[in-house]
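Please read the structure below before turning to the comments.
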Amino acid sequence: MAVENTFTMVKPDGVRRGLVGEVISRFEAKGLKLERMRMLTIDREMAERHYGEHVGKPFFENLVEFITSGPVVAMEWSGEGAVAVCRTLMGGTNPAEAAPGTIRGDFGLVIDENIVHGSDSPASAERELGIFFG
Ligand code: IDP
Ligand code: MG
């Protein structure tokens with residue numbers, strides 16, 4: 001395993017609920033290093049770029065509506081195997097099924113509002129870091 005950089009984001013529901021500190025604390029406690037952080041509100045064009053793989057899926061319109069509904073906190077983290085480690089700490093996509101002890105498992109209930117985003121591969125991380133920090 002090598003040192004990787006990955007992209008994560010506290011989504012608008014997580015910001016609204018005051019979970020930014022909780023998410024950062026969990027990543028920091030694991031030993032990951034916060035490299036860059038930025039608060040912004042995503043517009044439709046940026047949402048379509050970020051979620052390009054989901055264009056045309058039945059939930060896509062809802063997803064764009066949701067992700068543009070308020071500010072997000074975008075972050076870059078580094079560490080050994082950071083991409084997979086962040087995904088593990090986040091838990092499964094559907095919070096109703098995500099394991100207790102994970103961010104989604106502990107704080108979420110429905111798939112539409114699952115608190116955090118994390119890149120799913122080093123290639124996605126590079127692409128997404130380019131969108132948010134390029
Ligand atoms: P991930 O966030 O765990 O990587 P993806 O499959 O990449 O999951 O989906 C991106 C986001 O789209 C999810 O985090 C969730 O917010 C939303 N999403 C995915 N599948 C569904 C669905 O079946 N219904 C509603 N929203 C969904
Ligand atoms: Mg994904």
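Residue numbering restarts at 1 for every chain of the structure tokens, chains are lettered A, B, ... in their displayed order, and ligands are numbered from 1 as they appear.
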
Q | Expected selection as a ChimeraX atom specification for ligand 2 within 8 Å, only C-alpha atoms and all ligand atoms | A | /A:51,117-120

Q: Extract, using only C-alpha atoms, all DNA, RNA and protein residues at most 12 Å from A:Ser121, discarding same-chain residues fewer than 5 positions from it, and format them as a PyMOL selection string.
A: chain A and resi 4-8+81-87+126-129

Q: Skip A:Gly52 itself and residues of its chain fewer than 6 positions away, then list as a list of chain:residue names all residues within 12 Å of it, counting only C-alpha atoms.
A: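 Here the qualifying residues turn out to be A:Arg44, A:Glu45, A:Met46, A:Phe60, A:Leu63, A:Val64, A:Ser124, A:Arg127, A:Glu128, A:Ile131.
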
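Our summary of the geometry notes that atom CA of A:Arg38 is positioned 6.5 Å from atom CA of A:Met75.
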
Q. Neighbours of stretch 12-24 of chain A within 8 Å (only C-alpha atoms; same-chain residues fewer than 5 positions away dropped), as number ranges by chain?
A. A: 66-73, 103, 113-116

Q) Can you tell me, as a list in words, what residues are no more than 6 Å from stretch 27-37 of chain A when counting only C-alpha atoms, ignoring any on the same chain fewer than 5 positions away? A)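 These residues fall inside the cut-off: Ala74, Met75, Glu76, Trp77, Ser78 and Gly79 of chain A.
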
Take the residues from that selection and put them in a file with C-alpha atoms, as an mmCIF file, in the first residue's frame.
data_model
loop_
_atom_site.group_PDB
_atom_site.id
_atom_site.type_symbol
_atom_site.label_atom_id
_atom_site.label_comp_id
_atom_site.auth_asym_id
_atom_site.auth_seq_id
_atom_site.Cartn_x
_atom_site.Cartn_y
_atom_site.Cartn_z
ATOM 1 C CA ALA A 74 -14.549 19.872 0.225
ATOM 2 C CA MET A 75 -11.365 18.258 1.554
ATOM 3 C CA GLU A 76 -8.192 16.574 0.406
ATOM 4 C CA TRP A 77 -6.759 13.894 2.700
ATOM 5 C CA SER A 78 -3.502 11.972 2.461
ATOM 6 C CA GLY A 79 -2.172 8.795 4.041
#

Among chain A, which ones does DSSP place in strand (DSSP E or B), written as a CSV table (one decimal) with N, CA, C and O atoms, in the first residue's frame?
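As a result, states.csv now contains:
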chain,number,residue,atom,x,y,z
A,3,VAL,N,1.2,5.7,0.0
A,3,VAL,CA,0.5,6.9,0.4
A,3,VAL,C,-0.3,7.5,-0.8
A,3,VAL,O,0.2,7.5,-1.9
A,4,GLU,N,-1.5,7.8,-0.5
A,4,GLU,CA,-2.5,8.3,-1.5
A,4,GLU,C,-3.1,9.6,-1.1
A,4,GLU,O,-3.1,9.9,0.1
A,5,ASN,N,-3.6,10.3,-2.0
A,5,ASN,CA,-4.4,11.5,-1.7
A,5,ASN,C,-5.8,11.2,-2.2
A,5,ASN,O,-6.0,10.6,-3.3
A,6,THR,N,-6.8,11.6,-1.4
A,6,THR,CA,-8.2,11.4,-1.8
A,6,THR,C,-9.0,12.6,-1.6
A,6,THR,O,-8.6,13.5,-0.8
A,7,PHE,N,-10.2,12.6,-2.2
A,7,PHE,CA,-11.1,13.7,-2.1
A,7,PHE,C,-12.3,13.3,-1.3
A,7,PHE,O,-12.9,12.2,-1.6
A,8,THR,N,-12.7,14.1,-0.3
A,8,THR,CA,-13.9,13.8,0.4
A,8,THR,C,-14.7,15.1,0.6
A,8,THR,O,-14.1,16.2,0.4
A,9,MET,N,-15.9,15.0,0.9
A,9,MET,CA,-16.8,16.2,1.0
A,9,MET,C,-17.9,15.9,2.0
A,9,MET,O,-18.5,14.9,1.9
A,10,VAL,N,-18.1,16.9,2.9
A,10,VAL,CA,-19.3,16.9,3.7
A,10,VAL,C,-20.4,17.5,2.9
A,10,VAL,O,-20.3,18.6,2.4
A,33,LYS,N,-4.1,12.8,7.0
A,33,LYS,CA,-3.7,14.2,7.1
A,33,LYS,C,-4.5,15.1,6.2
A,33,LYS,O,-4.7,14.8,5.0
A,34,LEU,N,-5.1,16.1,6.8
A,34,LEU,CA,-5.9,17.1,6.0
A,34,LEU,C,-4.9,18.0,5.3
A,34,LEU,O,-4.1,18.7,5.9
A,35,GLU,N,-5.1,17.9,3.9
A,35,GLU,CA,-4.1,18.7,3.1
A,35,GLU,C,-4.7,20.0,2.6
A,35,GLU,O,-4.1,21.0,2.6
A,36,ARG,N,-6.0,20.0,2.2
A,36,ARG,CA,-6.7,21.2,1.7
A,36,ARG,C,-8.2,21.1,2.1
A,36,ARG,O,-8.7,20.0,2.2
A,37,MET,N,-8.8,22.3,2.3
A,37,MET,CA,-10.2,22.3,2.7
A,37,MET,C,-10.8,23.6,2.1
A,37,MET,O,-10.2,24.6,2.2
A,38,ARG,N,-12.1,23.5,1.7
A,38,ARG,CA,-12.7,24.6,1.1
A,38,ARG,C,-14.2,24.5,1.2
A,38,ARG,O,-14.8,23.4,1.0
A,39,MET,N,-14.9,25.5,1.7
A,39,MET,CA,-16.4,25.5,1.8
A,39,MET,C,-16.9,26.3,0.6
A,39,MET,O,-16.4,27.4,0.2
A,40,LEU,N,-17.9,25.7,-0.1
A,40,LEU,CA,-18.5,26.3,-1.3
A,40,LEU,C,-19.9,25.8,-1.5
A,40,LEU,O,-20.2,24.7,-1.0
A,72,VAL,N,-21.2,23.0,0.9
A,72,VAL,CA,-20.5,21.7,1.2
A,72,VAL,C,-19.1,22.1,1.7
A,72,VAL,O,-18.6,23.2,1.5
A,73,VAL,N,-18.4,21.1,2.3
A,73,VAL,CA,-17.0,21.3,2.7
A,73,VAL,C,-16.2,20.3,2.0
A,73,VAL,O,-16.3,19.0,2.2
A,74,ALA,N,-15.4,20.7,1.1
A,74,ALA,CA,-14.5,19.9,0.2
A,74,ALA,C,-13.2,19.7,0.9
A,74,ALA,O,-12.6,20.7,1.4
A,75,MET,N,-12.6,18.5,0.9
A,75,MET,CA,-11.4,18.3,1.6
A,75,MET,C,-10.5,17.3,0.8
A,75,MET,O,-11.0,16.4,0.1
A,76,GLU,N,-9.2,17.5,0.9
A,76,GLU,CA,-8.2,16.6,0.4
A,76,GLU,C,-7.5,16.0,1.6
A,76,GLU,O,-7.0,16.7,2.5
A,77,TRP,N,-7.4,14.6,1.6
A,77,TRP,CA,-6.8,13.9,2.7
A,77,TRP,C,-5.6,13.0,2.1
A,77,TRP,O,-5.8,12.5,1.0
A,78,SER,N,-4.6,12.9,2.9
A,78,SER,CA,-3.5,12.0,2.5
A,78,SER,C,-3.2,11.0,3.5
A,78,SER,O,-3.5,11.2,4.7
A,79,GLY,N,-2.6,9.8,3.1
A,79,GLY,CA,-2.2,8.8,4.0
A,79,GLY,C,-2.1,7.5,3.3
A,79,GLY,O,-2.5,7.3,2.2
A,80,GLU,N,-1.6,6.5,4.0
A,80,GLU,CA,-1.5,5.1,3.5
A,80,GLU,C,-2.8,4.6,3.1
A,80,GLU,O,-3.7,4.5,3.9
A,116,VAL,N,-21.7,12.3,3.6
A,116,VAL,CA,-20.4,12.4,3.0
A,116,VAL,C,-20.2,11.8,1.6
A,116,VAL,O,-20.9,10.9,1.3
A,117,HIS,N,-19.2,12.4,0.9
A,117,HIS,CA,-18.8,11.8,-0.3
A,117,HIS,C,-17.3,11.4,-0.2
A,117,HIS,O,-16.6,12.1,0.5
A,118,GLY,N,-16.9,10.4,-0.8
A,118,GLY,CA,-15.5,10.0,-0.9
A,118,GLY,C,-15.1,9.4,-2.2
A,118,GLY,O,-15.9,8.5,-2.7

Q | Given only C-alpha atoms and all ligand atoms as the counted atoms, nearest of A:Ala96, A:Met90, A:Leu109, A:Met1 to ligand 1 | A |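 So, comparing all the options, the nearest one is A:Met90.
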
Q: Tell me which of A:Glu53, A:Pro100, A:Arg26, A:Lys11 sits closest to A:Asp112, counting only C-alpha atoms.
A: A:Lys11

Q: Rank nothing, just name the residue among A:Gly130, A:Gly92, A:Gly105, A:Pro122 nearest to ligand 1, using only C-alpha atoms and all ligand atoms.
A: A:Gly92

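Among A:Ile42, A:Val55, A:Ala99, A:Ile111, the residue with the shortest atom-to-atom distance to ligand 1, counting only C-alpha atoms and all ligand atoms, is A:Ile111.
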
(Q) Would you compute the distance between atom 25 (C, counted along the ligand's line) of ligand 1 and atom CA of A:Gly56? Give it in Å to one decimal. (A)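 So the two atoms, atom 25 (C, counted along the ligand's line) of ligand 1 and atom CA of A:Gly56, lie 12.7 Å apart.
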
Q: Take atom CA of A:Phe59 and atom 12 (O, counted along the ligand's line) of ligand 1 and report the distance between them in Å, one decimal.
A: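 A separation of 7.2 Å between them.
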